[in-house]
>>> print(open('model.cif').read())   # mmCIF, C-alpha atoms
data_final
#
loop_
_atom_site.label_atom_id
_atom_site.label_comp_id
_atom_site.auth_asym_id
_atom_site.auth_seq_id
_atom_site.Cartn_x
_atom_site.Cartn_y
_atom_site.Cartn_z
CA MET A 1176 -23.18 -23.20 -6.11
CA GLY A 1177 -24.96 -22.06 -9.25
CA SER A 1178 -25.37 -18.25 -9.18
CA GLU A 1179 -21.64 -17.40 -9.08
CA LEU A 1180 -20.45 -15.02 -11.79
CA PHE A 1181 -17.25 -13.09 -12.47
CA TRP A 1182 -16.25 -10.65 -15.19
CA MET A 1183 -13.01 -8.73 -15.67
CA GLY A 1184 -10.96 -7.66 -18.66
CA GLY A 1185 -13.21 -9.36 -21.20
CA ARG A 1186 -13.30 -12.67 -19.31
CA LEU A 1187 -16.73 -13.93 -18.27
CA ALA A 1188 -16.46 -16.83 -15.80
CA SER A 1189 -19.36 -19.08 -14.86
CA ARG A 1190 -20.01 -22.65 -13.65
CA ALA A 1191 -18.16 -22.49 -10.35
CA VAL A 1192 -16.72 -25.82 -9.24
CA GLU A 1193 -15.02 -24.83 -5.99
CA ILE A 1194 -15.26 -22.16 -3.30
CA SER A 1195 -12.37 -21.70 -0.88
CA HIS A 1196 -11.19 -19.25 1.76
CA ASP A 1197 -7.65 -20.63 1.87
CA PRO A 1198 -5.05 -18.97 -0.41
CA THR A 1199 -3.15 -22.26 -0.67
CA SER A 1200 -6.00 -23.42 -2.95
CA LEU A 1201 -4.38 -21.30 -5.67
CA GLU A 1202 -1.75 -24.04 -6.00
CA LYS A 1203 -4.39 -26.01 -7.95
CA ASP A 1204 -4.58 -25.56 -11.70
CA GLY A 1205 -7.51 -23.61 -13.06
CA PHE A 1206 -9.07 -20.17 -13.37
CA TRP A 1207 -9.73 -18.51 -10.03
CA ALA A 1208 -11.71 -15.38 -9.26
CA ILE A 1209 -10.23 -13.72 -6.18
CA GLN A 1210 -11.73 -11.36 -3.64
CA VAL A 1211 -9.83 -10.35 -0.52
CA ASP A 1212 -11.19 -8.00 2.15
CA TYR A 1213 -9.00 -5.21 3.49
CA GLU A 1214 -8.80 -7.18 6.73
CA GLY A 1215 -7.34 -10.19 4.87
CA ARG A 1216 -10.32 -12.54 4.44
CA TRP A 1217 -9.99 -14.48 1.17
CA THR A 1218 -12.79 -15.71 -1.10
CA LEU A 1219 -11.62 -17.85 -4.02
CA ILE A 1220 -13.89 -19.24 -6.72
CA ARG A 1221 -12.60 -21.79 -9.24
CA PHE A 1222 -14.61 -21.62 -12.46
CA ASP A 1223 -14.97 -24.33 -15.08
CA GLU A 1224 -16.08 -22.09 -17.94
CA VAL A 1225 -14.36 -18.87 -19.05
CA THR A 1226 -15.36 -17.13 -22.27
CA GLY A 1227 -14.71 -13.83 -24.01
CA GLU A 1228 -18.34 -12.77 -23.81
CA ALA A 1229 -19.35 -9.23 -22.95
CA PHE A 1230 -20.95 -8.62 -19.57
CA PRO A 1231 -24.74 -9.07 -19.86
CA GLU A 1232 -26.48 -5.74 -20.42
CA SER A 1233 -28.79 -4.67 -17.62
CA PRO A 1234 -30.50 -1.31 -16.98
CA VAL A 1235 -30.11 0.85 -13.91
CA GLU A 1236 -33.14 2.72 -12.64
CA LYS A 1237 -33.10 6.26 -11.32
CA SER A 1238 -32.91 6.44 -7.56
CA GLU A 1239 -34.13 9.10 -5.19
CA GLY A 1240 -32.35 7.37 -2.31
CA ARG A 1241 -30.25 9.50 -0.02
CA TRP A 1242 -26.61 8.60 0.45
CA GLU A 1243 -25.30 8.75 4.00
CA SER A 1244 -21.59 8.99 4.81
CA THR A 1245 -19.80 7.34 7.70
CA GLN A 1246 -18.11 10.72 8.13
CA ASN A 1247 -19.48 14.16 7.27
CA ILE A 1248 -17.27 17.04 6.17
CA ASP A 1249 -16.51 18.18 9.73
CA SER A 1250 -15.62 14.74 11.08
CA TYR A 1251 -13.52 13.92 8.01
CA ILE A 1252 -11.59 17.18 8.27
CA ASP A 1253 -11.00 16.38 11.95
CA TYR A 1254 -9.78 12.90 10.93
CA VAL A 1255 -7.30 14.40 8.46
CA SER A 1256 -6.13 16.89 11.08
CA ARG A 1257 -5.45 14.06 13.54
CA MET A 1258 -3.46 12.22 10.88
CA ARG A 1259 -1.36 15.34 10.29
CA GLU A 1260 -0.71 15.47 14.04
CA ALA A 1261 0.42 11.82 13.96
CA ILE A 1262 2.73 12.64 11.06
CA ALA A 1263 4.16 15.62 12.95
CA ALA A 1264 4.81 13.33 15.92
CA GLY A 1265 6.74 10.91 13.71
CA ASP A 1266 4.26 8.06 14.14
CA VAL A 1267 3.61 7.75 10.41
CA TYR A 1268 4.55 9.47 7.14
CA GLN A 1269 1.42 8.91 5.07
CA VAL A 1270 -2.07 7.54 5.74
CA ASN A 1271 -4.97 6.81 3.41
CA ALA A 1272 -8.09 8.19 5.12
CA CYS A 1273 -11.40 6.82 3.85
CA ARG A 1274 -15.13 7.07 4.38
CA ILE A 1275 -18.05 5.00 3.11
CA LEU A 1276 -21.30 6.18 1.49
CA ARG A 1277 -24.46 4.08 1.89
CA ARG A 1278 -28.06 4.04 0.72
CA GLU A 1279 -30.89 1.52 0.49
CA CYS A 1280 -30.40 -1.02 -2.29
CA PRO A 1281 -33.07 -3.72 -2.73
CA ASP A 1282 -31.78 -4.79 -6.16
CA ASN A 1283 -28.60 -6.41 -7.45
CA LEU A 1284 -25.60 -4.55 -8.83
CA GLU A 1285 -25.60 -5.93 -12.39
CA GLY A 1286 -27.26 -2.83 -13.79
CA ILE A 1287 -24.77 -0.53 -12.10
CA PHE A 1288 -21.87 -2.55 -13.46
CA SER A 1289 -23.34 -2.46 -16.98
CA GLN A 1290 -23.35 1.33 -16.76
CA ILE A 1291 -19.82 1.39 -15.36
CA ILE A 1292 -18.61 -0.46 -18.45
CA ASN A 1293 -20.45 1.96 -20.74
CA ASP A 1294 -19.89 5.27 -18.94
CA ASN A 1295 -16.79 4.78 -16.79
CA PRO A 1296 -14.56 2.26 -18.60
CA ALA A 1297 -12.01 1.67 -15.87
CA PRO A 1298 -9.00 -0.50 -16.80
CA TYR A 1299 -9.66 -3.00 -13.99
CA ALA A 1300 -13.44 -2.91 -13.86
CA ALA A 1301 -14.79 -6.17 -12.43
CA TYR A 1302 -18.00 -7.83 -11.29
CA PHE A 1303 -17.97 -10.50 -8.58
CA ARG A 1304 -20.96 -12.49 -7.31
CA ALA A 1305 -20.28 -15.48 -5.08
CA ASP A 1306 -20.39 -16.72 -1.50
CA GLY A 1307 -23.05 -14.20 -0.52
CA LYS A 1308 -21.04 -11.25 -1.87
CA GLU A 1309 -21.77 -8.95 -4.80
CA ILE A 1310 -19.30 -6.31 -5.96
CA ALA A 1311 -19.29 -3.94 -8.93
CA SER A 1312 -15.88 -2.35 -9.36
CA ALA A 1313 -14.60 0.56 -11.42
CA SER A 1314 -11.06 0.22 -10.13
CA PRO A 1315 -8.38 2.17 -11.98
CA GLU A 1316 -5.50 0.61 -10.00
CA LEU A 1317 -3.44 -2.52 -10.61
CA PHE A 1318 -2.15 -4.13 -7.44
CA LEU A 1319 -0.33 -7.09 -9.01
CA SER A 1320 -0.17 -8.60 -12.46
CA PHE A 1321 1.39 -11.99 -13.13
CA THR A 1322 3.06 -13.13 -16.35
CA THR A 1323 5.29 -16.16 -16.92
CA ASP A 1324 8.17 -16.81 -19.31
CA GLU A 1325 11.36 -18.90 -19.30
CA GLU A 1326 12.87 -16.60 -16.67
CA GLY A 1327 10.05 -17.08 -14.18
CA VAL A 1328 6.90 -15.37 -12.91
CA HIS A 1329 7.03 -11.60 -13.35
CA LEU A 1330 5.09 -9.20 -11.14
CA LYS A 1331 4.03 -5.61 -11.72
CA SER A 1332 2.35 -3.22 -9.29
CA SER A 1333 1.06 0.19 -10.39
CA PRO A 1334 0.24 2.35 -7.35
CA ILE A 1335 -1.89 5.44 -7.82
CA LYS A 1336 -1.10 8.46 -5.69
CA GLY A 1337 -2.34 11.77 -7.04
CA THR A 1338 -5.82 12.70 -8.32
CA SER A 1339 -6.69 15.87 -10.21
CA VAL A 1340 -9.17 17.30 -12.70
CA GLU A 1341 -6.15 18.57 -14.66
CA PRO A 1342 -3.08 16.63 -15.94
CA THR A 1343 -0.79 18.52 -13.54
CA PHE A 1344 0.29 17.53 -10.05
CA GLY A 1345 1.98 19.44 -7.25
CA GLU A 1346 4.80 18.55 -4.91
CA LYS A 1347 2.48 16.93 -2.36
CA ASP A 1348 1.14 14.40 -4.90
CA GLN A 1349 4.57 13.64 -6.32
CA SER A 1350 6.24 13.12 -2.95
CA GLU A 1351 3.33 10.92 -1.81
CA ASN A 1352 3.63 8.78 -4.93
CA VAL A 1353 7.38 8.32 -4.46
CA MET A 1354 6.81 7.41 -0.80
CA ILE A 1355 4.39 4.61 -1.73
CA VAL A 1356 6.65 3.42 -4.57
CA ASP A 1357 9.42 2.94 -1.99
CA LEU A 1358 7.03 1.00 0.24
CA ILE A 1359 5.98 -1.31 -2.61
CA ARG A 1360 9.58 -1.84 -3.65
CA ASN A 1361 10.26 -3.01 -0.10
CA ASP A 1362 7.19 -5.28 -0.09
CA LEU A 1363 8.09 -6.92 -3.41
CA SER A 1364 11.72 -7.40 -2.36
CA ARG A 1365 10.45 -9.82 0.30
CA ILE A 1366 9.07 -12.21 -2.33
CA CYS A 1367 11.12 -11.45 -5.46
CA LYS A 1368 14.51 -12.58 -6.68
CA GLU A 1369 17.41 -10.47 -5.50
CA GLY A 1370 18.14 -7.61 -7.87
CA SER A 1371 14.92 -8.05 -9.88
CA VAL A 1372 12.82 -5.31 -8.23
CA ASP A 1373 12.86 -2.10 -10.23
CA VAL A 1374 10.77 1.02 -10.91
CA SER A 1375 9.97 0.85 -14.62
CA ARG A 1376 7.82 4.02 -14.61
CA LEU A 1377 7.82 6.87 -12.11
CA LEU A 1378 5.17 9.58 -11.86
CA GLY A 1379 3.32 8.81 -15.07
CA VAL A 1380 0.12 10.75 -15.79
CA GLU A 1381 -2.94 8.72 -16.79
CA GLU A 1382 -6.32 10.03 -17.93
CA HIS A 1383 -9.42 8.34 -16.54
CA PRO A 1384 -13.11 9.26 -16.87
CA GLY A 1385 -13.52 12.68 -15.30
CA LEU A 1386 -10.05 12.93 -13.75
CA PHE A 1387 -6.30 12.28 -14.00
CA HIS A 1388 -4.09 10.05 -11.86
CA LEU A 1389 -0.39 9.99 -11.05
CA VAL A 1390 0.79 6.39 -11.52
CA SER A 1391 4.10 4.52 -11.15
CA ASP A 1392 5.09 0.93 -12.00
CA VAL A 1393 7.16 -1.37 -9.78
CA VAL A 1394 8.28 -4.71 -11.25
CA GLY A 1395 10.02 -7.84 -10.00
CA THR A 1396 10.45 -11.59 -10.59
CA LEU A 1397 8.93 -13.95 -8.05
CA ARG A 1398 11.35 -16.13 -6.09
CA ASP A 1399 11.04 -19.87 -6.68
CA GLY A 1400 9.08 -21.73 -4.04
CA ILE A 1401 7.19 -18.72 -2.66
CA THR A 1402 3.72 -19.70 -1.41
CA TRP A 1403 0.51 -17.70 -1.62
CA PRO A 1404 0.34 -17.19 2.17
CA GLU A 1405 3.88 -15.79 1.98
CA ILE A 1406 2.86 -13.45 -0.83
CA ALA A 1407 -0.16 -12.29 1.17
CA GLN A 1408 1.88 -11.69 4.30
CA ALA A 1409 4.46 -9.67 2.39
CA VAL A 1410 2.25 -7.36 0.35
CA LEU A 1411 -1.21 -7.04 1.95
CA PRO A 1412 -2.91 -4.72 2.38
CA ALA A 1413 -1.84 -2.63 -0.59
CA GLY A 1414 0.48 0.23 0.32
CA SER A 1415 -1.45 2.80 -1.68
CA ILE A 1416 -4.58 2.38 0.44
CA SER A 1417 -2.87 1.94 3.81
CA GLY A 1418 0.19 4.16 4.20
CA ALA A 1419 3.80 4.28 5.33
CA PRO A 1420 5.12 2.78 7.47
CA LYS A 1421 2.40 0.27 6.71
CA SER A 1422 2.02 -1.24 10.18
CA SER A 1423 1.60 2.18 11.84
CA ALA A 1424 -0.82 3.37 9.17
CA ILE A 1425 -2.97 0.24 9.54
CA LYS A 1426 -3.29 0.81 13.29
CA LEU A 1427 -4.41 4.40 12.76
CA ILE A 1428 -6.90 3.41 10.05
CA THR A 1429 -8.43 0.65 12.17
CA SER A 1430 -8.82 2.89 15.21
CA ASN A 1431 -10.48 5.64 13.17
CA GLU A 1432 -12.52 3.74 10.56
CA GLY A 1433 -13.14 0.24 11.85
CA ALA A 1434 -13.48 -2.53 9.25
CA ARG A 1435 -13.43 -1.63 5.55
CA GLY A 1436 -14.54 -5.05 4.29
CA PRO A 1437 -14.30 -5.46 0.49
CA TYR A 1438 -13.30 -1.81 0.08
CA CYS A 1439 -9.54 -1.35 -0.33
CA GLY A 1440 -9.01 -5.10 -0.56
CA LEU A 1441 -8.25 -7.02 -3.77
CA LEU A 1442 -10.39 -8.12 -6.70
CA GLY A 1443 -9.21 -10.02 -9.75
CA TRP A 1444 -8.24 -13.36 -11.21
CA ILE A 1445 -5.40 -15.86 -11.39
CA GLU A 1446 -5.01 -18.67 -13.91
CA LYS A 1447 -2.53 -21.45 -13.15
CA ARG A 1448 -1.44 -24.13 -15.58
CA GLY A 1449 1.47 -26.08 -14.14
CA SER A 1450 4.29 -23.60 -13.50
CA ASP A 1451 2.66 -20.92 -15.67
CA ILE A 1452 0.78 -18.22 -13.77
CA SER A 1453 -1.09 -15.30 -15.31
CA GLY A 1454 -3.49 -12.86 -13.76
CA GLU A 1455 -4.47 -9.40 -12.63
CA LEU A 1456 -5.37 -8.33 -9.10
CA SER A 1457 -6.79 -4.83 -8.76
CA VAL A 1458 -6.94 -2.64 -5.69
CA ALA A 1459 -10.63 -2.68 -4.77
CA ILE A 1460 -11.24 1.06 -4.90
CA ARG A 1461 -14.17 2.78 -6.66
CA ILE A 1462 -16.31 -0.22 -5.80
CA PHE A 1463 -19.98 -0.72 -4.96
CA TRP A 1464 -20.88 -3.64 -2.73
CA LYS A 1465 -23.99 -4.91 -0.99
CA GLU A 1466 -24.21 -5.35 2.74
CA ASP A 1467 -27.31 -5.58 4.96
CA ASN A 1468 -29.51 -4.74 1.97
CA LYS A 1469 -27.62 -1.49 1.40
CA ILE A 1470 -25.35 -0.41 -1.41
CA ASN A 1471 -21.96 0.87 -0.26
CA PHE A 1472 -19.31 2.97 -1.98
CA GLY A 1473 -15.93 3.87 -0.50
CA THR A 1474 -13.85 6.95 -1.18
CA GLY A 1475 -10.66 8.28 0.34
CA ALA A 1476 -7.54 10.40 0.03
CA GLY A 1477 -3.87 10.05 0.90
CA ILE A 1478 -2.82 12.24 3.81
CA THR A 1479 0.66 13.70 4.27
CA TRP A 1480 1.98 16.62 6.32
CA GLY A 1481 1.35 18.80 3.25
CA SER A 1482 -2.36 17.93 3.14
CA ASP A 1483 -5.03 20.59 3.38
CA PRO A 1484 -7.96 18.91 5.21
CA ALA A 1485 -10.68 20.68 3.22
CA ALA A 1486 -8.93 19.84 -0.07
CA GLU A 1487 -8.70 16.18 0.94
CA TRP A 1488 -12.45 16.15 1.58
CA GLU A 1489 -13.00 17.57 -1.88
CA GLU A 1490 -10.78 14.84 -3.35
CA THR A 1491 -13.05 12.20 -1.79
CA GLU A 1492 -16.02 14.01 -3.33
CA LEU A 1493 -14.32 14.14 -6.75
CA LYS A 1494 -13.60 10.40 -6.73
CA ALA A 1495 -17.21 9.59 -5.79
CA ARG A 1496 -19.16 12.12 -7.86
CA ARG A 1497 -19.28 10.45 -11.28
CA LEU A 1498 -19.81 6.91 -10.02
CA ILE A 1499 -22.53 7.91 -7.58
CA ALA A 1500 -24.32 9.59 -10.50
CA ILE A 1501 -24.03 6.34 -12.46
CA ALA A 1502 -25.43 4.31 -9.57
CA ASP A 1503 -28.35 6.71 -9.26
CA GLY A 1504 -29.06 6.61 -13.02
CA ARG A 1505 -28.44 10.35 -13.29
CA LEU A 1506 -25.11 10.68 -15.09
CA HIS A 1507 -26.65 12.02 -18.29
CA GLU A 1508 -29.11 14.46 -16.72
#
>>> encode(input="model.cif", output="structure tokens")
Amino acid sequence: MGSELFWMGGRLASRAVEISHDPTSLEKDGFWAIQVDYEGRWTLIRFDEVTGEAFPESPVEKSEGRWESTQNIDSYIDYVSRMREAIAAGDVYQVNACRILRRECPDNLEGIFSQIINDNPAPYAAYFRADGKEIASASPELFLSFTTDEEGVHLKSSPIKGTSVEPTFGEKDQSENVMIVDLIRNDLSRICKEGSVDVSRLLGVEEHPGLFHLVSDVVGTLRDGITWPEIAQAVLPAGSISGAPKSSAIKLITSNEGARGPYCGLLGWIEKRGSDISGELSVAIRIFWKEDNKINFGTGAGITWGSDPAAEWEETELKARRLIAIADGRLHE
């Protein structure tokens, strides 16, 4: 240990004292940085020093590198069409179909994350470097927040379904959002006190750099005695980046995409002091990560029967366009 670093929400964590891959480690007091792959592999880092320092400034150089996609426009459109066929057959109602962009990346991601903070100030932006992993996230989506008062530990999940360049959304986006809200309500009911799960906001419109999102909030109060493995089993992976029913959607995603790794997993922090728990776990979308000396960026779209395959491709392009320009040092050209 020695090079580990984590930043999120104005918290800069350094001086790691423990690395774990077991979620039961979160029963120990302390500040934990958390990274979970889409496939459910946990990396937990307990830090001894947490300050309110800004993330260290670092430049990003212009790149002429060519991005390659795991799926081109034709194969992605075919993927979406197959998902629509599965929906028509009643196998699934909604699936999040993704692809990954890659290019050579000999350097670290600190410069890219510095530019994300400056040029794409996402609400759950985070930087994670530990255990051989490096991630720079511009996530706009809250998976779970934790707050504690005399009534217990309160959870909030804010799924995003709906992306547009204008603050208006059609029936497809609205119905998809409601579908995922129902899924998350069901997930939280497995770990929350009876009668505490509620939808505190439905179909809210949020403005983010370069686009708008349709966002809802689902809240609940954690049941006493629930363990972290039980929480993980109940709610992972996030409904907004898998689909409904979740088990069927996961099977379709795995057979068509293979492993997603850090993309569409979780990234965030938990601080535990006795019975008090606070924290924020984001859905790891709009992230860059290093793998095999390449930089990766994932992008996707939610597919329903009402999806137009070409329009879904364009949504993946829209979500990637600004951040790819940042990574290439070309946003302001």
>>> closest_residue(input="model.cif", among="A:Ala1434, A:Ile1460, A:Ile1425, A:Ile1501", to="Asp1266 (chain A)", atoms="all atoms listed in the file")
A:Ile1425
>>> resolve_selection(input="model.cif", expression="the PyMOL selection byres ((chain A and resi 1410-1416) around 6)", output="ChimeraX atom specification")
/A:1271,1334,1362,1407-1409,1417-1418
>>> closest_residue(input="model.cif", among="A:Gly1345, A:Gly1440, A:Gly1385, A:Gly1327", to="Asn1295 (chain A)", atoms="all atoms listed in the file")
A:Gly1385
>>> closest_residue(input="model.cif", among="A:Ala1263, A:Leu1330, A:Leu1506, A:Ile1248", to="Ser1371 (chain A)", atoms="only C-alpha atoms")
A:Leu1330
>>> resolve_selection(input="model.cif", expression="the PyMOL selection byres ((chain A and resi 1473-1490) around 8)", output="PyMOL selection string")
chain A and resi 1248+1251-1253+1255-1256+1258-1259+1262-1263+1268-1276+1336+1338+1347+1351+1416+1418+1438+1460-1463+1471-1472+1491-1495
>>> residues_around(input="model.cif", residues="Gly1184 (chain A)", least_positions_apart="5", cutoff="8 Å", atoms="all atoms listed in the file", output="ChimeraX atom specification")
/A:1298-1301
>>> residues_around(input="model.cif", residues="Arg1278 (chain A)", least_positions_apart="5", cutoff="8 Å", atoms="all atoms listed in the file", output="PyMOL selection string")
chain A and resi 1240-1243+1469-1471
>>> atom_distance(input="model.cif", atom1="CA of Ile1406 (chain A)", atom2="CA of Glu1455 (chain A)")
14.5 Å
>>> axis_aligned_box(input="model.cif", around="region 1352-1367 of chain A", padding_each_side="8 Å", output="AutoDock Vina command-line options")
--center_x 7.7 --center_y -1.7 --center_z -2.6 --size_x 24.1 --size_y 37.0 --size_z 21.8
>>> resolve_selection(input="model.cif", expression="the PyMOL selection byres ((chain A and resi 1305) around 10)", output="mmCIF file with C-alpha atoms, in the frame of the given file")
data_model
loop_
_atom_site.group_PDB
_atom_site.id
_atom_site.type_symbol
_atom_site.label_atom_id
_atom_site.label_comp_id
_atom_site.auth_asym_id
_atom_site.auth_seq_id
_atom_site.Cartn_x
_atom_site.Cartn_y
_atom_site.Cartn_z
ATOM 1 C CA MET A 1176 -23.180 -23.200 -6.110
ATOM 2 C CA GLY A 1177 -24.960 -22.060 -9.250
ATOM 3 C CA SER A 1178 -25.370 -18.250 -9.180
ATOM 4 C CA GLU A 1179 -21.640 -17.400 -9.080
ATOM 5 C CA LEU A 1180 -20.450 -15.020 -11.790
ATOM 6 C CA PHE A 1181 -17.250 -13.090 -12.470
ATOM 7 C CA ALA A 1191 -18.160 -22.490 -10.350
ATOM 8 C CA ILE A 1194 -15.260 -22.160 -3.300
ATOM 9 C CA ALA A 1208 -11.710 -15.380 -9.260
ATOM 10 C CA GLN A 1210 -11.730 -11.360 -3.640
ATOM 11 C CA THR A 1218 -12.790 -15.710 -1.100
ATOM 12 C CA LEU A 1219 -11.620 -17.850 -4.020
ATOM 13 C CA ILE A 1220 -13.890 -19.240 -6.720
ATOM 14 C CA PHE A 1303 -17.970 -10.500 -8.580
ATOM 15 C CA ARG A 1304 -20.960 -12.490 -7.310
ATOM 16 C CA ASP A 1306 -20.390 -16.720 -1.500
ATOM 17 C CA GLY A 1307 -23.050 -14.200 -0.520
ATOM 18 C CA LYS A 1308 -21.040 -11.250 -1.870
ATOM 19 C CA GLU A 1309 -21.770 -8.950 -4.800
ATOM 20 C CA ILE A 1310 -19.300 -6.310 -5.960
#
>>> closest_residue(input="model.cif", among="A:Glu1193, A:Glu1202, A:Glu1239, A:Glu1326", to="Phe1222 (chain A)", atoms="all atoms listed in the file")
A:Glu1193
>>> decode(input="model.cif", residues="region 1405-1422 of chain A", atoms="C-alpha atoms", output="PDB file, in the first residue's frame")
ATOM      1  CA  GLU A1405     -27.567  -9.375   2.217  1.00  0.00           C
ATOM      2  CA  ILE A1406     -27.680  -5.826   0.869  1.00  0.00           C
ATOM      3  CA  ALA A1407     -25.515  -6.839  -2.091  1.00  0.00           C
ATOM      4  CA  GLN A1408     -27.631  -9.880  -2.873  1.00  0.00           C
ATOM      5  CA  ALA A1409     -30.830  -7.836  -2.779  1.00  0.00           C
ATOM      6  CA  VAL A1410     -29.867  -4.837  -4.883  1.00  0.00           C
ATOM      7  CA  LEU A1411     -26.930  -5.683  -7.179  1.00  0.00           C
ATOM      8  CA  PRO A1412     -26.445  -5.050  -9.987  1.00  0.00           C
ATOM      9  CA  ALA A1413     -28.320  -1.769 -10.194  1.00  0.00           C
ATOM     10  CA  GLY A1414     -31.677  -2.043 -11.931  1.00  0.00           C
ATOM     11  CA  SER A1415     -31.089   0.966 -14.155  1.00  0.00           C
ATOM     12  CA  ILE A1416     -28.117  -0.660 -15.881  1.00  0.00           C
ATOM     13  CA  SER A1417     -29.474  -4.212 -16.028  1.00  0.00           C
ATOM     14  CA  GLY A1418     -33.204  -4.322 -16.733  1.00  0.00           C
ATOM     15  CA  ALA A1419     -36.487  -5.903 -15.732  1.00  0.00           C
ATOM     16  CA  PRO A1420     -37.018  -8.603 -14.709  1.00  0.00           C
ATOM     17  CA  LYS A1421     -33.452  -8.289 -13.489  1.00  0.00           C
ATOM     18  CA  SER A1422     -32.462 -11.954 -13.648  1.00  0.00           C
TER      19      SER A1422
END
